[in-house]
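Below is data-v3.cif, which holds mmCIF, C-alpha atoms.
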```cif
data_structure
loop_
_atom_site.label_atom_id
_atom_site.label_comp_id
_atom_site.auth_asym_id
_atom_site.auth_seq_id
_atom_site.Cartn_x
_atom_site.Cartn_y
_atom_site.Cartn_z
CA MET A 990 107.64 127.21 130.85
CA GLU A 991 105.05 126.50 128.15
CA SER A 992 105.48 123.18 126.37
CA GLU A 993 106.52 123.40 122.72
CA GLY A 994 105.69 119.83 121.76
CA LEU A 995 106.85 116.29 122.34
CA VAL A 996 110.36 115.25 121.29
CA VAL A 997 111.16 111.52 121.25
CA ILE A 998 114.77 110.39 121.70
CA VAL A 999 115.76 106.90 120.52
CA ASP A 1000 119.32 105.95 121.48
CA ASP A 1001 120.71 102.81 123.12
CA ASP A 1002 123.07 104.99 125.21
CA GLU A 1003 121.10 105.95 128.32
CA ARG A 1004 123.57 108.72 129.17
CA ILE A 1005 122.85 110.49 125.89
CA CYS A 1006 119.12 110.02 126.40
CA ARG A 1007 119.31 111.61 129.85
CA ALA A 1008 121.56 114.49 128.75
CA VAL A 1009 119.39 115.39 125.74
CA GLN A 1010 116.22 114.95 127.79
CA ARG A 1011 117.47 117.33 130.49
CA MET A 1012 118.49 119.94 127.93
CA LEU A 1013 115.16 119.77 126.08
CA ILE A 1014 113.05 119.89 129.25
CA ASN A 1015 114.94 123.01 130.33
CA THR A 1016 114.08 124.50 126.94
CA GLY A 1017 110.38 123.79 127.38
CA TYR A 1018 109.83 120.57 125.46
CA ARG A 1019 108.07 117.45 126.64
CA VAL A 1020 110.36 114.45 126.16
CA ARG A 1021 110.11 110.67 125.89
CA THR A 1022 113.19 108.45 125.66
CA PHE A 1023 113.62 104.92 124.30
CA THR A 1024 116.75 102.78 124.29
CA SER A 1025 115.54 100.60 121.40
CA ALA A 1026 113.73 101.15 118.14
CA LYS A 1027 111.36 98.26 118.85
CA ALA A 1028 110.23 99.88 122.07
CA TYR A 1029 109.43 103.12 120.27
CA LEU A 1030 107.62 101.42 117.37
CA ALA A 1031 105.45 99.53 119.86
CA GLU A 1032 104.19 102.81 121.32
CA GLN A 1033 104.35 105.26 118.41
CA GLU A 1034 100.69 105.05 117.42
CA GLY A 1035 99.25 107.14 120.24
CA MET A 1036 102.22 109.42 120.89
CA GLU A 1037 102.12 112.13 118.21
CA PRO A 1038 105.67 113.47 118.69
CA SER A 1039 106.67 116.74 117.05
CA CYS A 1040 110.19 115.47 116.32
CA LEU A 1041 112.31 112.32 116.57
CA VAL A 1042 115.98 112.37 117.58
CA VAL A 1043 117.30 108.98 116.49
CA ASP A 1044 120.69 107.27 116.65
CA ILE A 1045 121.40 105.65 113.29
CA LYS A 1046 123.28 102.70 114.82
CA ILE A 1047 120.78 101.23 117.29
CA PRO A 1048 121.64 97.54 117.94
CA ASP A 1049 118.24 95.83 117.62
CA VAL A 1050 116.72 97.73 114.69
CA ASP A 1051 118.84 100.55 113.33
CA GLY A 1052 117.50 104.07 113.05
CA LEU A 1053 117.06 103.91 109.28
CA ALA A 1054 115.00 100.72 109.47
CA MET A 1055 112.98 102.23 112.31
CA LEU A 1056 112.13 105.31 110.28
CA ARG A 1057 111.22 103.21 107.22
CA GLU A 1058 108.82 101.13 109.33
CA SER A 1059 107.36 104.25 110.90
CA ARG A 1060 106.83 105.85 107.48
CA ALA A 1061 105.21 102.67 106.17
CA ALA A 1062 102.68 102.93 108.99
CA GLY A 1063 101.78 106.43 107.79
CA VAL A 1064 103.63 108.33 110.53
CA GLU A 1065 105.48 111.31 109.04
CA THR A 1066 107.15 112.75 112.14
CA PRO A 1067 110.27 114.74 111.14
CA ALA A 1068 113.51 113.12 112.26
CA VAL A 1069 116.95 114.36 113.27
CA PHE A 1070 119.52 111.57 113.07
CA ILE A 1071 122.57 111.43 115.30
CA THR A 1072 125.64 109.28 114.75
CA GLY A 1073 128.86 108.44 116.52
CA SER A 1074 130.89 108.28 113.31
CA ALA A 1075 130.93 109.95 109.93
CA ASP A 1076 129.14 107.51 107.62
CA LEU A 1077 128.44 108.96 104.19
CA ASP A 1078 126.33 106.02 103.05
CA ALA A 1079 124.14 106.23 106.15
CA ALA A 1080 123.84 109.99 105.72
CA VAL A 1081 122.66 109.60 102.12
CA LYS A 1082 120.11 106.96 103.11
CA ALA A 1083 118.87 109.13 105.98
CA MET A 1084 118.31 112.09 103.68
CA LYS A 1085 116.50 109.91 101.13
CA LEU A 1086 114.15 108.82 103.91
CA GLY A 1087 113.35 112.45 104.53
CA ALA A 1088 115.45 113.06 107.64
CA PHE A 1089 115.65 116.75 108.41
CA ASP A 1090 119.27 116.72 109.63
CA LEU A 1091 122.18 114.50 110.63
CA LEU A 1092 124.44 115.44 113.55
CA GLU A 1093 127.62 113.82 114.78
CA LYS A 1094 128.38 112.97 118.39
CA PRO A 1095 129.43 114.51 120.70
CA LEU A 1096 126.35 116.63 120.20
CA ASP A 1097 126.54 120.40 120.23
CA GLU A 1098 123.52 121.66 122.21
CA SER A 1099 122.97 124.74 120.06
CA ALA A 1100 123.17 122.76 116.82
CA LEU A 1101 120.80 120.11 118.17
CA LEU A 1102 118.26 122.70 119.32
CA MET A 1103 118.39 124.45 115.95
CA ALA A 1104 117.91 121.15 114.15
CA ILE A 1105 114.93 120.20 116.34
CA GLU A 1106 113.31 123.61 115.94
CA GLY A 1107 113.79 123.46 112.17
CA ALA A 1108 112.43 119.91 112.01
CA ILE A 1109 109.32 120.85 114.00
CA GLU A 1110 108.64 123.87 111.78
CA HIS A 1111 109.14 121.71 108.69
CA GLY A 1112 106.87 119.04 110.16
CA GLU A 1113 104.06 121.54 110.81
CA HIS A 1114 104.24 122.69 107.20
CA GLN A 1115 104.23 119.09 105.96
CA ARG A 1116 101.25 118.22 108.16
CA GLY A 1117 99.31 121.11 106.65
CA GLU A 1118 100.16 119.89 103.15
CA ARG A 1119 99.14 116.31 104.03
CA GLU A 1120 95.82 117.50 105.47
CA ARG A 1121 95.08 119.40 102.26
CA LEU A 1122 96.05 116.35 100.21
CA ALA A 1123 93.86 114.14 102.40
CA ASP A 1124 90.90 116.44 101.73
CA LEU A 1125 91.61 116.23 98.00
CA TRP A 1126 91.86 112.43 98.17
CA GLN A 1127 88.46 112.22 99.83
CA ALA A 1128 86.97 114.54 97.21
CA ALA A 1129 88.62 112.55 94.40
CA GLU A 1130 86.91 109.38 95.66
CA THR A 1131 83.58 110.91 94.59
CA ILE A 1132 84.48 111.53 90.94
CA THR A 1133 83.73 109.04 88.19
CA ALA A 1134 86.27 107.42 85.88
CA ARG A 1135 85.19 109.66 82.98
CA GLU A 1136 85.44 112.77 85.15
CA ALA A 1137 88.90 111.65 86.24
CA GLN A 1138 90.03 111.34 82.62
CA VAL A 1139 88.71 114.80 81.80
CA CYS A 1140 90.37 116.29 84.91
CA ALA A 1141 93.76 114.94 83.95
CA LEU A 1142 93.49 116.05 80.33
CA VAL A 1143 92.31 119.55 81.30
CA ALA A 1144 95.34 119.80 83.61
CA SER A 1145 97.58 118.82 80.69
CA GLY A 1146 96.47 121.96 78.83
CA ARG A 1147 94.30 120.31 76.19
CA LEU A 1148 91.22 122.00 74.78
CA ASN A 1149 87.75 120.50 75.16
CA LYS A 1150 87.65 119.36 71.53
CA GLN A 1151 91.07 117.71 71.92
CA ILE A 1152 89.91 115.94 75.08
CA ALA A 1153 86.76 114.77 73.31
CA ALA A 1154 88.91 113.24 70.55
CA VAL A 1155 91.19 111.48 73.07
CA ILE A 1156 88.43 109.85 75.13
CA GLY A 1157 85.97 109.34 72.27
CA THR A 1158 83.08 111.58 73.23
CA THR A 1159 81.59 114.95 72.33
CA GLU A 1160 82.86 118.37 73.32
CA LYS A 1161 79.54 119.04 75.09
CA THR A 1162 79.97 115.91 77.22
CA VAL A 1163 83.51 116.95 78.11
CA LYS A 1164 82.18 120.28 79.39
CA VAL A 1165 79.63 118.48 81.56
CA HIS A 1166 82.25 116.13 83.05
CA ARG A 1167 84.62 119.04 83.68
CA ALA A 1168 81.94 121.05 85.50
CA ARG A 1169 80.99 118.09 87.69
CA ALA A 1170 84.61 117.32 88.55
CA MET A 1171 85.29 120.96 89.42
CA SER A 1172 82.29 120.97 91.76
CA LYS A 1173 83.33 117.74 93.48
CA LEU A 1174 86.95 118.89 93.91
CA GLY A 1175 85.89 122.33 95.16
CA ALA A 1176 87.57 124.10 92.23
CA HIS A 1177 86.01 127.45 91.28
CA SER A 1178 88.04 127.88 88.10
CA VAL A 1179 89.97 125.81 85.60
CA ALA A 1180 93.18 127.16 87.16
CA GLU A 1181 92.13 125.76 90.55
CA LEU A 1182 91.25 122.44 88.93
CA VAL A 1183 94.70 122.28 87.35
CA ARG A 1184 96.37 122.99 90.71
CA SER A 1185 94.29 120.28 92.39
CA VAL A 1186 95.15 117.68 89.74
CA ASP A 1187 98.83 118.63 89.88
CA GLN A 1188 98.78 118.09 93.64
CA LEU A 1189 96.94 114.78 93.31
CA LEU A 1190 99.38 113.46 90.71
CA ALA A 1191 102.57 114.90 92.21
CA PRO A 1192 105.47 112.45 91.75
CA ALA A 1193 106.66 110.51 94.82
CA GLY A 1194 103.41 111.21 96.63
CA PRO A 1195 102.38 109.12 99.66
CA THR A 1196 100.36 105.92 99.38
CA ASN A 1197 98.46 106.60 102.59
CA ILE A 1198 97.93 109.45 105.05
CA VAL A 1199 97.16 109.47 108.77
CA THR A 1200 94.83 112.41 109.31
CA ALA A 1201 94.74 114.70 112.34
CA ASP A 1202 91.84 112.67 113.75
CA HIS A 1203 93.90 109.44 113.39
CA ARG A 1204 92.13 108.04 110.33
CA LEU A 1205 94.24 106.14 107.83
CA ILE A 1206 93.21 106.94 104.28
CA HIS A 1207 94.67 105.37 101.17
CA ARG A 1208 95.57 106.87 97.82
CA PRO A 1209 92.42 106.78 95.66
CA ARG A 1210 92.46 104.35 92.75
CA VAL A 1211 90.90 107.03 90.57
CA LEU A 1212 94.32 108.70 90.46
CA ASP A 1213 95.57 105.73 88.45
CA ILE A 1214 92.83 106.47 85.91
CA MET A 1215 94.05 110.07 85.68
CA ALA A 1216 97.65 108.96 85.17
CA ALA A 1217 96.60 106.39 82.54
CA ALA A 1218 94.64 109.05 80.64
CA LEU A 1219 97.74 111.26 80.49
CA ARG A 1220 99.90 108.36 79.28
CA THR A 1221 97.41 107.45 76.58
CA ALA A 1222 97.15 111.05 75.41
CA ALA A 1223 100.95 111.41 75.37
CA GLU A 1224 101.36 108.19 73.40
CA GLY A 1225 98.71 109.34 70.92
CA ALA A 1226 100.43 112.68 70.47
CA GLU A 1227 103.76 110.95 69.91
CA SER A 1228 102.21 108.59 67.39
CA LEU A 1229 100.62 111.53 65.56
CA THR A 1230 103.96 113.35 65.47
CA LEU A 1231 105.69 110.30 64.02
CA ARG A 1232 103.02 109.91 61.36
CA SER A 1233 103.29 113.59 60.44
CA GLU A 1234 107.06 113.35 60.17
CA SER A 1235 106.76 110.23 58.02
CA THR A 1236 104.25 111.95 55.74
CA ARG A 1237 106.52 114.98 55.36
CA ALA A 1238 109.48 112.72 54.58
CA ARG A 1239 107.53 110.86 51.86
CA SER A 1240 106.35 114.16 50.44
CA THR A 1241 109.94 115.45 50.30
CA GLU A 1242 111.15 112.27 48.62
CA SER A 1243 108.35 112.52 46.07
CA SER A 1244 109.23 116.15 45.31
CA ASP A 1245 112.88 115.28 44.89
CA SER A 1246 111.96 112.46 42.52
CA VAL A 1247 109.81 114.74 40.37
CA SER A 1248 112.44 117.47 40.20
CA HIS A 1249 115.01 115.04 38.82
CA LEU A 1250 112.92 113.46 36.05
CA PRO A 1251 114.77 113.51 32.73
CA ALA A 1252 113.53 116.02 30.18
CA SER A 1253 111.55 114.44 27.34
#
```
In structure tokens, how does this file's structure come out?
Amino acid sequence: MESEGLVVIVDDDERICRAVQRMLINTGYRVRTFTSAKAYLAEQEGMEPSCLVVDIKIPDVDGLAMLRESRAAGVETPAVFITGSADLDAAVKAMKLGAFDLLEKPLDESALLMAIEGAIEHGEHQRGERERLADLWQAAETITAREAQVCALVASGRLNKQIAAVIGTTEKTVKVHRARAMSKLGAHSVAELVRSVDQLLAPAGPTNIVTADHRLIHRPRVLDIMAAALRTAAEGAESLTLRSESTRARSTESSDSVSHLPAS
């Protein structure tokens, strides 16, 4: 039977490891088992599993701590947690860590297989998204600080003359920076540039990515310049709104005062 990927099982109960391993091998998966989180973490770098099946309550390092450490190292393998008791707090923490599913013991084979298949499909989609983001990060490293500011402000919907006013330059210069940034980011239209910037500045994005060829790349610092440009522009717009409201209020007060002057 053709292999469908590597599934790693981490559970201190050897009987569960053997039972799940046997079931998955019969289904066509390659399988590795570990009875401790530390043992898995020591070997995870060169393994490239398609899915993790992890017991939340492992004695040495629990499953949640294991997944946090794995994520911190840039490994984004989808995980299915298993537990011997209903633990709402653990379930919430697992989901916040990005676990694909949480199953209670004794495990139902059909439910486990469905969870693993779903996790692998989800993981493949996520890997594709990370690879695209990694390409964008590498492209973003080539843009200048000024180009980064213009990128962010274009993505916010501002016109060239508005951008020029925000960053203190001319409209012609803004057009030049925008064209250069589009070229470097591989954007063939303003709409594509906006999509690229939105992806680069997506909230809760990763701080590093392990690429398909095992390179660890870090979030470009230029993204902080983009974010700062948006904050500055937003603060300026808010300040302008407040000044306008204050001017209107004074104007209204002045009109009221004139309308109530006593007749001579």
key: Result set, the PyMOL selection byres ((chain A and resi 1150) around 12) on current file, as JSON, numbers by chain   = {"A": [1139, 1142, 1143, 1146, 1147, 1148, 1149, 1151, 1152, 1153, 1154, 1155, 1156, 1157, 1158, 1159, 1160, 1161, 1162, 1163, 1164]}
Could you turn the residues from that selection into a file that holds C-alpha atoms, as a PDB file, in the frame of the given file?
```
ATOM      1  CA  VAL A1139      88.710 114.800  81.800  1.00  0.00           C
ATOM      2  CA  LEU A1142      93.490 116.050  80.330  1.00  0.00           C
ATOM      3  CA  VAL A1143      92.310 119.550  81.300  1.00  0.00           C
ATOM      4  CA  GLY A1146      96.470 121.960  78.830  1.00  0.00           C
ATOM      5  CA  ARG A1147      94.300 120.310  76.190  1.00  0.00           C
ATOM      6  CA  LEU A1148      91.220 122.000  74.780  1.00  0.00           C
ATOM      7  CA  ASN A1149      87.750 120.500  75.160  1.00  0.00           C
ATOM      8  CA  GLN A1151      91.070 117.710  71.920  1.00  0.00           C
ATOM      9  CA  ILE A1152      89.910 115.940  75.080  1.00  0.00           C
ATOM     10  CA  ALA A1153      86.760 114.770  73.310  1.00  0.00           C
ATOM     11  CA  ALA A1154      88.910 113.240  70.550  1.00  0.00           C
ATOM     12  CA  VAL A1155      91.190 111.480  73.070  1.00  0.00           C
ATOM     13  CA  ILE A1156      88.430 109.850  75.130  1.00  0.00           C
ATOM     14  CA  GLY A1157      85.970 109.340  72.270  1.00  0.00           C
ATOM     15  CA  THR A1158      83.080 111.580  73.230  1.00  0.00           C
ATOM     16  CA  THR A1159      81.590 114.950  72.330  1.00  0.00           C
ATOM     17  CA  GLU A1160      82.860 118.370  73.320  1.00  0.00           C
ATOM     18  CA  LYS A1161      79.540 119.040  75.090  1.00  0.00           C
ATOM     19  CA  THR A1162      79.970 115.910  77.220  1.00  0.00           C
ATOM     20  CA  VAL A1163      83.510 116.950  78.110  1.00  0.00           C
ATOM     21  CA  LYS A1164      82.180 120.280  79.390  1.00  0.00           C
TER      22      LYS A1164
END
```
request  = Decode the PyMOL selection byres ((chain A and resi 1096) around 10) for the given file into explicit residues and return them as JSON, numbers by chain.
outcome  = {"A": [1005, 1009, 1071, 1072, 1073, 1092, 1093, 1094, 1095, 1097, 1098, 1099, 1100, 1101]}
ask   = Which of these residues is nearest to A:Arg1057, using all atoms listed in the file: A:Ala1168, A:Leu1205, A:Met1084, A:Cys1040?
value = A:Met1084
request  = Could you tell me how far atom CA of A:Ala1028 lies from atom CA of A:Val1050, in Å and to one decimal?
outcome  =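 That distance, rounded to one decimal, is 10.1 Å.
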Among listed residues A:Met1012, A:Val1020, A:Leu1219, A:Val999, nearest A:Met1055 (using only C-alpha atoms) =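 Of A:Met1012, A:Val1020, A:Leu1219, A:Val999, the one nearest A:Met1055, counting only C-alpha atoms, is A:Val999.
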task = Tell me which residues the PyMOL selection byres ((chain A and resi 1126) around 10) grabs here, as a list in words.
result =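 Evaluating the PyMOL selection byres ((chain A and resi 1126) around 10) on this file yields Glu1120, Arg1121, Leu1122, Ala1123, Asp1124, Leu1125, Gln1127, Ala1128, Ala1129, Glu1130, Thr1131, Leu1174, Leu1189, Asn1197, Ile1198, Ile1206, His1207, Arg1208, Pro1209, Arg1210, Val1211 and Leu1212 of chain A.
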key: For A:Gln1188: contacts at 10 Å, only C-alpha atoms, fewer than 3 positions along chain excluded, given as a PyMOL selection string   = chain A and resi 1118+1121-1122+1125+1182-1185+1191-1192+1194
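Atom to atom, atom CA of A:Ser1059 and atom CA of A:Pro1195 stand 13.2 Å apart.
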When you look at A:Thr1016 with a cut-off of 12 Å (counting all atoms listed in the file), what residues show up, excluding the ones that are within fewer than 6 positions of it in the same chain? I need them as a short mmCIF file (atom, residue, chain, number, x, y, z; two decimals) with C-alpha atoms, keeping the file's coordinate frame.
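As a result, around_14.cif now contains:
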```cif
data_model
loop_
_atom_site.label_atom_id
_atom_site.label_comp_id
_atom_site.auth_asym_id
_atom_site.auth_seq_id
_atom_site.Cartn_x
_atom_site.Cartn_y
_atom_site.Cartn_z
CA MET A 990 107.64 127.21 130.85
CA GLU A 991 105.05 126.50 128.15
CA SER A 992 105.48 123.18 126.37
CA GLU A 993 106.52 123.40 122.72
CA GLY A 994 105.69 119.83 121.76
CA LEU A 995 106.85 116.29 122.34
CA VAL A 996 110.36 115.25 121.29
CA VAL A 1009 119.39 115.39 125.74
CA GLN A 1010 116.22 114.95 127.79
CA GLU A 1098 123.52 121.66 122.21
CA SER A 1099 122.97 124.74 120.06
CA LEU A 1101 120.80 120.11 118.17
CA LEU A 1102 118.26 122.70 119.32
CA MET A 1103 118.39 124.45 115.95
CA ILE A 1105 114.93 120.20 116.34
CA GLU A 1106 113.31 123.61 115.94
#
```
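Atom CA of A:Gly1112 sits 29.1 Å away from atom CA of A:Met1215.
Each of A:Met1171, A:Ile1132, A:Asp1202, A:Glu1058 was compared to A:Ala1031 using only C-alpha atoms, and A:Glu1058 turns out to be the nearest.
Counting only C-alpha atoms and comparing A:Thr1066, A:Thr1133, A:Thr1022, A:Thr1221, the residue that lies closest to A:Lys1173 is A:Thr1133.
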Is there a way to get, as a compact mmCIF listing (two decimals) with C-alpha atoms, in the frame of the given file, all residues within 12 Å of the point (106.9, 105.7, 110.8) in file coordinates, counting all atoms listed in the file?
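That gives us selection39.txt:
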```
# COMPACT_ATOMS: atom_id res chain seq x y z
CA ALA A 1026 113.73 101.15 118.14
CA LYS A 1027 111.36 98.26 118.85
CA TYR A 1029 109.43 103.12 120.27
CA LEU A 1030 107.62 101.42 117.37
CA ALA A 1031 105.45 99.53 119.86
CA GLU A 1032 104.19 102.81 121.32
CA GLN A 1033 104.35 105.26 118.41
CA GLU A 1034 100.69 105.05 117.42
CA MET A 1036 102.22 109.42 120.89
CA GLU A 1037 102.12 112.13 118.21
CA PRO A 1038 105.67 113.47 118.69
CA CYS A 1040 110.19 115.47 116.32
CA LEU A 1041 112.31 112.32 116.57
CA GLY A 1052 117.50 104.07 113.05
CA LEU A 1053 117.06 103.91 109.28
CA ALA A 1054 115.00 100.72 109.47
CA MET A 1055 112.98 102.23 112.31
CA LEU A 1056 112.13 105.31 110.28
CA ARG A 1057 111.22 103.21 107.22
CA GLU A 1058 108.82 101.13 109.33
CA SER A 1059 107.36 104.25 110.90
CA ARG A 1060 106.83 105.85 107.48
CA ALA A 1061 105.21 102.67 106.17
CA ALA A 1062 102.68 102.93 108.99
CA GLY A 1063 101.78 106.43 107.79
CA VAL A 1064 103.63 108.33 110.53
CA GLU A 1065 105.48 111.31 109.04
CA THR A 1066 107.15 112.75 112.14
CA PRO A 1067 110.27 114.74 111.14
CA ALA A 1068 113.51 113.12 112.26
CA LEU A 1086 114.15 108.82 103.91
CA GLY A 1087 113.35 112.45 104.53
CA ALA A 1088 115.45 113.06 107.64
CA ASN A 1197 98.46 106.60 102.59
CA ILE A 1198 97.93 109.45 105.05
CA VAL A 1199 97.16 109.47 108.77
```
Where is the centre and how long are the edges: axis-aligned box on stretch 1054-1065 of chain A, 5 Å on each side, Å to one decimal, as JSON:
```
{"center_x": 108.4, "center_y": 106.0, "center_z": 109.2, "size_x": 23.2, "size_y": 20.6, "size_z": 16.1}
```
Can we get stretch 1190-1219 of chain A of that structure written down with N, CA and C atoms, as a PDB file, in the first residue's frame?
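Result written to part_19.pdb:
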```pdb
ATOM      1  N   LEU A1190       1.183  41.865   6.647  1.00  0.00           N
ATOM      2  CA  LEU A1190       0.833  42.487   7.927  1.00  0.00           C
ATOM      3  C   LEU A1190      -0.350  41.809   8.613  1.00  0.00           C
ATOM      4  N   ALA A1191      -0.673  40.600   8.190  1.00  0.00           N
ATOM      5  CA  ALA A1191      -1.798  39.874   8.796  1.00  0.00           C
ATOM      6  C   ALA A1191      -1.569  39.725  10.299  1.00  0.00           C
ATOM      7  N   PRO A1192      -2.598  39.972  11.119  1.00  0.00           N
ATOM      8  CA  PRO A1192      -2.437  39.844  12.571  1.00  0.00           C
ATOM      9  C   PRO A1192      -2.114  38.413  12.969  1.00  0.00           C
ATOM     10  N   ALA A1193      -1.379  38.269  14.068  1.00  0.00           N
ATOM     11  CA  ALA A1193      -1.010  36.940  14.590  1.00  0.00           C
ATOM     12  C   ALA A1193      -0.200  36.126  13.588  1.00  0.00           C
ATOM     13  N   GLY A1194       0.571  36.812  12.760  1.00  0.00           N
ATOM     14  CA  GLY A1194       1.436  36.099  11.820  1.00  0.00           C
ATOM     15  C   GLY A1194       2.635  35.501  12.537  1.00  0.00           C
ATOM     16  N   PRO A1195       3.338  34.566  11.885  1.00  0.00           N
ATOM     17  CA  PRO A1195       4.503  33.922  12.521  1.00  0.00           C
ATOM     18  C   PRO A1195       5.680  34.879  12.637  1.00  0.00           C
ATOM     19  N   THR A1196       6.604  34.553  13.526  1.00  0.00           N
ATOM     20  CA  THR A1196       7.827  35.341  13.657  1.00  0.00           C
ATOM     21  C   THR A1196       8.983  34.710  12.889  1.00  0.00           C
ATOM     22  N   ASN A1197       8.832  33.441  12.532  1.00  0.00           N
ATOM     23  CA  ASN A1197       9.822  32.783  11.680  1.00  0.00           C
ATOM     24  C   ASN A1197       9.151  31.634  10.929  1.00  0.00           C
ATOM     25  N   ILE A1198       9.772  31.218   9.851  1.00  0.00           N
ATOM     26  CA  ILE A1198       9.230  30.158   9.005  1.00  0.00           C
ATOM     27  C   ILE A1198      10.348  29.203   8.637  1.00  0.00           C
ATOM     28  N   VAL A1199      10.087  27.905   8.736  1.00  0.00           N
ATOM     29  CA  VAL A1199      11.016  26.896   8.225  1.00  0.00           C
ATOM     30  C   VAL A1199      10.544  26.540   6.821  1.00  0.00           C
ATOM     31  N   THR A1200      11.367  26.818   5.834  1.00  0.00           N
ATOM     32  CA  THR A1200      10.980  26.593   4.446  1.00  0.00           C
ATOM     33  C   THR A1200      11.087  25.117   4.084  1.00  0.00           C
ATOM     34  N   ALA A1201      10.605  24.777   2.888  1.00  0.00           N
ATOM     35  CA  ALA A1201      10.622  23.386   2.432  1.00  0.00           C
ATOM     36  C   ALA A1201      12.044  22.843   2.327  1.00  0.00           C
ATOM     37  N   ASP A1202      13.008  23.730   2.080  1.00  0.00           N
ATOM     38  CA  ASP A1202      14.405  23.281   1.994  1.00  0.00           C
ATOM     39  C   ASP A1202      15.135  23.480   3.331  1.00  0.00           C
ATOM     40  N   HIS A1203      14.353  23.553   4.423  1.00  0.00           N
ATOM     41  CA  HIS A1203      14.879  23.553   5.797  1.00  0.00           C
ATOM     42  C   HIS A1203      15.633  24.820   6.191  1.00  0.00           C
ATOM     43  N   ARG A1204      15.364  25.915   5.518  1.00  0.00           N
ATOM     44  CA  ARG A1204      15.958  27.192   5.930  1.00  0.00           C
ATOM     45  C   ARG A1204      15.024  27.890   6.907  1.00  0.00           C
ATOM     46  N   LEU A1205      15.611  28.456   7.947  1.00  0.00           N
ATOM     47  CA  LEU A1205      14.835  29.222   8.921  1.00  0.00           C
ATOM     48  C   LEU A1205      14.950  30.691   8.557  1.00  0.00           C
ATOM     49  N   ILE A1206      13.822  31.304   8.217  1.00  0.00           N
ATOM     50  CA  ILE A1206      13.847  32.728   7.893  1.00  0.00           C
ATOM     51  C   ILE A1206      12.982  33.475   8.900  1.00  0.00           C
ATOM     52  N   HIS A1207      13.422  34.674   9.222  1.00  0.00           N
ATOM     53  CA  HIS A1207      12.759  35.467  10.256  1.00  0.00           C
ATOM     54  C   HIS A1207      11.908  36.576   9.636  1.00  0.00           C
ATOM     55  N   ARG A1208      10.933  37.000  10.386  1.00  0.00           N
ATOM     56  CA  ARG A1208      10.051  38.085   9.940  1.00  0.00           C
ATOM     57  C   ARG A1208      10.888  39.334   9.658  1.00  0.00           C
ATOM     58  N   PRO A1209      10.752  39.914   8.471  1.00  0.00           N
ATOM     59  CA  PRO A1209      11.574  41.078   8.122  1.00  0.00           C
ATOM     60  C   PRO A1209      11.256  42.288   9.004  1.00  0.00           C
ATOM     61  N   ARG A1210      12.296  43.013   9.376  1.00  0.00           N
ATOM     62  CA  ARG A1210      12.099  44.212  10.199  1.00  0.00           C
ATOM     63  C   ARG A1210      11.361  45.303   9.439  1.00  0.00           C
ATOM     64  N   VAL A1211      11.426  45.247   8.109  1.00  0.00           N
ATOM     65  CA  VAL A1211      10.763  46.274   7.313  1.00  0.00           C
ATOM     66  C   VAL A1211       9.253  46.261   7.533  1.00  0.00           C
ATOM     67  N   LEU A1212       8.714  45.117   7.988  1.00  0.00           N
ATOM     68  CA  LEU A1212       7.282  45.057   8.267  1.00  0.00           C
ATOM     69  C   LEU A1212       6.908  45.955   9.437  1.00  0.00           C
ATOM     70  N   ASP A1213       7.845  46.157  10.363  1.00  0.00           N
ATOM     71  CA  ASP A1213       7.597  47.076  11.478  1.00  0.00           C
ATOM     72  C   ASP A1213       7.489  48.513  10.966  1.00  0.00           C
ATOM     73  N   ILE A1214       8.256  48.823   9.916  1.00  0.00           N
ATOM     74  CA  ILE A1214       8.188  50.160   9.320  1.00  0.00           C
ATOM     75  C   ILE A1214       6.818  50.356   8.676  1.00  0.00           C
ATOM     76  N   MET A1215       6.322  49.319   8.003  1.00  0.00           N
ATOM     77  CA  MET A1215       4.985  49.390   7.401  1.00  0.00           C
ATOM     78  C   MET A1215       3.918  49.641   8.474  1.00  0.00           C
ATOM     79  N   ALA A1216       3.987  48.847   9.538  1.00  0.00           N
ATOM     80  CA  ALA A1216       2.998  48.968  10.612  1.00  0.00           C
ATOM     81  C   ALA A1216       3.067  50.348  11.262  1.00  0.00           C
ATOM     82  N   ALA A1217       4.294  50.869  11.453  1.00  0.00           N
ATOM     83  CA  ALA A1217       4.456  52.191  12.061  1.00  0.00           C
ATOM     84  C   ALA A1217       3.879  53.276  11.164  1.00  0.00           C
ATOM     85  N   ALA A1218       4.045  53.132   9.860  1.00  0.00           N
ATOM     86  CA  ALA A1218       3.507  54.112   8.917  1.00  0.00           C
ATOM     87  C   ALA A1218       1.983  54.157   9.004  1.00  0.00           C
ATOM     88  N   LEU A1219       1.360  52.997   9.135  1.00  0.00           N
ATOM     89  CA  LEU A1219      -0.099  52.943   9.255  1.00  0.00           C
ATOM     90  C   LEU A1219      -0.565  53.576  10.561  1.00  0.00           C
TER      91      LEU A1219
END
```
